[in-house]
file my_file-v1.cif (mmCIF, C-alpha atoms)
data_final
#
loop_
_atom_site.label_atom_id
_atom_site.label_comp_id
_atom_site.auth_asym_id
_atom_site.auth_seq_id
_atom_site.Cartn_x
_atom_site.Cartn_y
_atom_site.Cartn_z
CA MET W 1 91.34 -29.76 112.74
CA VAL W 2 88.29 -28.54 114.59
CA SER W 3 84.65 -29.51 114.05
CA GLY W 4 81.98 -26.82 113.94
CA THR W 5 78.27 -26.43 113.30
CA ILE W 6 76.29 -23.75 111.49
CA VAL W 7 72.48 -23.60 111.50
CA GLY W 8 70.06 -21.54 109.46
CA GLU W 9 66.63 -21.35 107.85
CA PHE W 10 65.31 -20.45 104.40
CA PRO W 11 61.60 -19.76 103.76
CA SER W 12 60.11 -20.69 100.38
CA ALA W 13 56.76 -20.13 98.68
CA VAL W 14 57.17 -23.57 97.07
CA SER W 15 55.50 -26.60 98.68
CA VAL W 16 57.57 -29.18 100.56
CA ASP W 17 56.65 -31.87 98.00
CA ARG W 18 57.96 -29.91 95.02
CA LEU W 19 61.06 -28.63 96.81
CA TRP W 20 61.87 -32.15 98.04
CA LYS W 21 61.44 -33.75 94.62
CA ALA W 22 63.50 -31.11 92.80
CA THR W 23 66.28 -30.69 95.37
CA PHE W 24 66.72 -34.14 96.83
CA CYS W 25 65.08 -36.71 94.57
CA ASP W 26 66.26 -35.21 91.26
CA GLY W 27 68.87 -32.73 92.48
CA HIS W 28 71.68 -34.78 90.98
CA ASN W 29 70.16 -33.99 87.56
CA LEU W 30 68.65 -30.53 88.18
CA LEU W 31 71.39 -28.74 90.15
CA PRO W 32 74.17 -29.18 87.55
CA LYS W 33 71.76 -27.77 84.94
CA ILE W 34 70.62 -24.67 86.83
CA LEU W 35 73.94 -24.10 88.66
CA SER W 36 76.40 -25.22 85.99
CA VAL W 37 78.76 -22.37 86.90
CA ILE W 38 79.48 -23.96 90.29
CA ILE W 39 78.37 -27.63 90.08
CA SER W 40 79.74 -29.84 87.33
CA SER W 41 78.03 -33.05 88.49
CA ILE W 42 76.62 -34.91 91.49
CA ASP W 43 77.41 -38.57 92.11
CA ILE W 44 75.22 -40.88 94.19
CA LEU W 45 77.64 -42.79 96.42
CA GLU W 46 75.14 -44.67 98.60
CA GLY W 47 71.40 -45.28 98.57
CA ASP W 48 68.78 -44.78 95.90
CA GLY W 49 69.40 -41.07 95.38
CA ALA W 50 66.38 -39.84 97.32
CA GLY W 51 65.75 -42.00 100.36
CA VAL W 52 67.11 -42.15 103.87
CA GLY W 53 70.80 -42.96 103.91
CA THR W 54 71.51 -41.49 100.50
CA VAL W 55 75.00 -40.00 100.24
CA LYS W 56 75.82 -37.68 97.33
CA LYS W 57 79.15 -36.24 96.26
CA PHE W 58 79.02 -32.76 94.73
CA ASN W 59 81.69 -32.09 92.12
CA PHE W 60 82.30 -28.35 92.05
CA THR W 61 83.74 -26.35 89.18
CA ASP W 62 86.95 -24.33 89.48
CA ALA W 63 84.83 -21.19 89.91
CA ILE W 64 83.72 -22.23 93.40
CA LYS W 65 87.06 -23.77 94.33
CA ASP W 66 88.85 -20.51 93.55
CA CYS W 67 86.64 -18.34 95.74
CA GLY W 68 85.33 -20.61 98.47
CA ALA W 69 86.57 -21.90 101.80
CA LEU W 70 86.42 -25.57 100.75
CA GLY W 71 89.93 -26.95 100.57
CA VAL W 72 91.40 -23.77 102.04
CA LYS W 73 89.69 -23.32 105.41
CA VAL W 74 87.27 -26.27 105.37
CA LYS W 75 88.43 -29.85 104.85
CA SER W 76 84.91 -31.25 104.52
CA TYR W 77 81.31 -30.57 105.43
CA GLY W 78 77.96 -32.29 105.58
CA VAL W 79 74.51 -30.79 105.42
CA GLU W 80 71.36 -32.00 107.16
CA VAL W 81 68.13 -30.49 105.82
CA CYS W 82 64.64 -30.59 107.29
CA LEU W 83 61.74 -29.27 105.20
CA ALA W 84 58.57 -28.23 107.00
CA SER W 85 55.26 -27.05 105.52
CA THR W 86 54.08 -23.56 106.37
CA SER W 87 50.49 -22.48 106.91
CA GLU W 88 50.70 -20.43 103.68
CA GLY W 89 51.35 -23.58 101.59
CA GLY W 90 55.07 -22.98 101.23
CA SER W 91 57.94 -24.49 103.14
CA LEU W 92 60.73 -23.72 105.58
CA ALA W 93 64.11 -25.32 105.01
CA LYS W 94 66.10 -25.76 108.20
CA MET W 95 69.76 -26.59 107.62
CA LYS W 96 72.48 -27.85 109.90
CA ILE W 97 75.98 -27.73 108.42
CA GLU W 98 78.69 -29.69 110.19
CA TYR W 99 82.21 -28.97 109.03
CA GLU W 100 85.80 -29.87 109.76
CA SER W 101 88.19 -26.93 109.55
CA MET W 102 91.66 -27.14 108.02
CA GLY W 103 93.19 -25.26 110.95
CA GLU W 104 93.03 -25.48 114.71
CA SER W 105 90.11 -23.08 115.14
CA LEU W 106 86.49 -22.70 114.11
CA LEU W 107 85.62 -20.67 111.04
CA SER W 108 85.32 -16.94 111.56
CA GLU W 109 81.79 -15.57 111.54
CA GLU W 110 82.45 -14.18 108.04
CA ASP W 111 83.69 -17.53 106.70
CA ALA W 112 80.82 -19.42 108.36
CA THR W 113 78.32 -17.02 106.78
CA GLU W 114 79.99 -17.46 103.38
CA LEU W 115 79.74 -21.26 103.64
CA GLN W 116 76.11 -21.06 104.75
CA GLN W 117 75.15 -18.61 102.00
CA GLY W 118 76.78 -20.82 99.38
CA ILE W 119 74.68 -23.77 100.46
CA PHE W 120 71.52 -21.64 100.70
CA ALA W 121 72.25 -20.40 97.16
CA MET W 122 71.59 -23.92 95.90
CA VAL W 123 68.19 -24.07 97.60
CA LYS W 124 67.38 -20.53 96.41
CA ALA W 125 68.24 -21.51 92.82
CA VAL W 126 65.90 -24.51 92.99
CA ASP W 127 63.23 -22.32 94.61
CA ALA W 128 63.52 -19.74 91.80
CA HIS W 129 63.42 -22.48 89.15
CA LEU W 130 60.23 -23.93 90.65
CA VAL W 131 58.56 -20.52 90.94
CA GLU W 132 59.39 -19.84 87.27
CA ASN W 133 58.18 -23.35 86.28
CA PRO W 134 55.01 -23.94 88.34
CA THR W 135 54.26 -27.35 86.77
CA ALA W 136 57.77 -28.75 87.30
CA TYR W 137 57.93 -31.50 89.92
CA ALA W 138 54.21 -31.12 90.64
#

call {"tool": "encode", "arguments": {"input": "my_file-v1.cif", "output": "structure tokens"}}
result
Amino acid sequence: MVSGTIVGEFPSAVSVDRLWKATFCDGHNLLPKILSVIISSIDILEGDGAGVGTVKKFNFTDAIKDCGALGVKVKSYGVEVCLASTSEGGSLAKMKIEYESMGESLLSEEDATELQQGIFAMVKAVDAHLVENPTAYA
């Protein structure tokens, strides 16, 4: 097994406050509703669900297991997210994904991009939900 890191950014028109509340404070309720095709549930393993030290376990549906790298090329991964306000009133999500590969090499660029895009898809789904529902998590 080999450990690797992937970094990326996602800009959003949604404020940090709203994005934080929806994704991290209530994500265990919201994400399975808006992404039910890929997330069946989210369990809080440690912490209060929103604060520092919170650890959540995402339970994925068979749809993501059948097409993703998790369990095939990636044994496990963790995501660190930093949300920063932008001068336009939106936010910038900076993500650092640390993973452990199943094999003896790092993920290919294609597989790393696929993993990153899958994680960004969750943030994009929350972003779209908040844009469509401007009073949610206000």

call {"tool": "closest_residue", "arguments": {"input": "my_file-v1.cif", "among": "W:Glu9, W:Glu46, W:Asp62, W:Asp17", "to": "Ala93 of chain W", "atoms": "only C-alpha atoms"}}
result
W:Glu9

call {"tool": "resolve_selection", "arguments": {"input": "my_file-v1.cif", "expression": "the PyMOL selection byres ((chain W and resi 34) around 8)", "output": "list in words"}}
result
Leu30, Leu31, Pro32, Lys33, Leu35, Ser36, Ala125, Val126 and His129 of chain W

call {"tool": "resolve_selection", "arguments": {"input": "my_file-v1.cif", "expression": "the PyMOL selection byres ((chain W and resi 49-51) around 10)", "output": "ChimeraX atom specification"}}
result
/W:20-21,23-28,43-48,52-56

call {"tool": "atom_distance", "arguments": {"input": "my_file-v1.cif", "atom1": "atom CA of Gly89 of chain W", "atom2": "atom CA of Ser12 of chain W"}}
result
9.3 Å

call {"tool": "resolve_selection", "arguments": {"input": "my_file-v1.cif", "expression": "the PyMOL selection byres ((chain W and resi 74) around 7)", "output": "list in words"}}
result
Ala69, Leu70, Gly71, Val72, Lys73, Lys75, Ser76, Tyr99, Glu100, Ser101 and Met102 of chain W

call {"tool": "closest_residue", "arguments": {"input": "my_file-v1.cif", "among": "W:Ala13, W:Leu106, W:Leu83, W:Met122", "to": "Pro134 of chain W", "atoms": "all atoms listed in the file"}}
result
W:Ala13

call {"tool": "closest_residue", "arguments": {"input": "my_file-v1.cif", "among": "W:Val14, W:Val7, W:Ile42, W:Leu92", "to": "Gln117 of chain W", "atoms": "only C-alpha atoms"}}
result
W:Val7

call {"tool": "atom_distance", "arguments": {"input": "my_file-v1.cif", "atom1": "atom CA of Asn133 of chain W", "atom2": "atom CA of Thr113 of chain W"}}
result
29.4 Å

call {"tool": "closest_residue", "arguments": {"input": "my_file-v1.cif", "among": "W:Glu109, W:Ala128, W:Glu98, W:Thr86", "to": "Ser3 of chain W", "atoms": "all atoms listed in the file"}}
result
W:Glu98

call {"tool": "closest_residue", "arguments": {"input": "my_file-v1.cif", "among": "W:Gln116, W:Val131, W:Leu107, W:Lys96", "to": "Ala22 of chain W", "atoms": "all atoms listed in the file"}}
result
W:Val131

call {"tool": "atom_distance", "arguments": {"input": "my_file-v1.cif", "atom1": "atom CA of Ser85 of chain W", "atom2": "atom CA of Ser15 of chain W"}}
result
6.9 Å

call {"tool": "residues_around", "arguments": {"input": "my_file-v1.cif", "residues": "Phe10 of chain W", "least_positions_apart": "6", "cutoff": "9 Å", "atoms": "only C-alpha atoms", "output": "PDB file with C-alpha atoms, in the coordinates of the input"}}
result
ATOM      1  CA  SER W  91      57.940 -24.490 103.140  1.00  0.00           C
ATOM      2  CA  LEU W  92      60.730 -23.720 105.580  1.00  0.00           C
ATOM      3  CA  ALA W  93      64.110 -25.320 105.010  1.00  0.00           C
ATOM      4  CA  LYS W  94      66.100 -25.760 108.200  1.00  0.00           C
ATOM      5  CA  MET W  95      69.760 -26.590 107.620  1.00  0.00           C
ATOM      6  CA  PHE W 120      71.520 -21.640 100.700  1.00  0.00           C
ATOM      7  CA  VAL W 123      68.190 -24.070  97.600  1.00  0.00           C
ATOM      8  CA  LYS W 124      67.380 -20.530  96.410  1.00  0.00           C
TER       9      LYS W 124
END

call {"tool": "closest_residue", "arguments": {"input": "my_file-v1.cif", "among": "W:Leu130, W:Ala121, W:Thr61, W:Thr5", "to": "Tyr77 of chain W", "atoms": "all atoms listed in the file"}}
result
W:Thr5
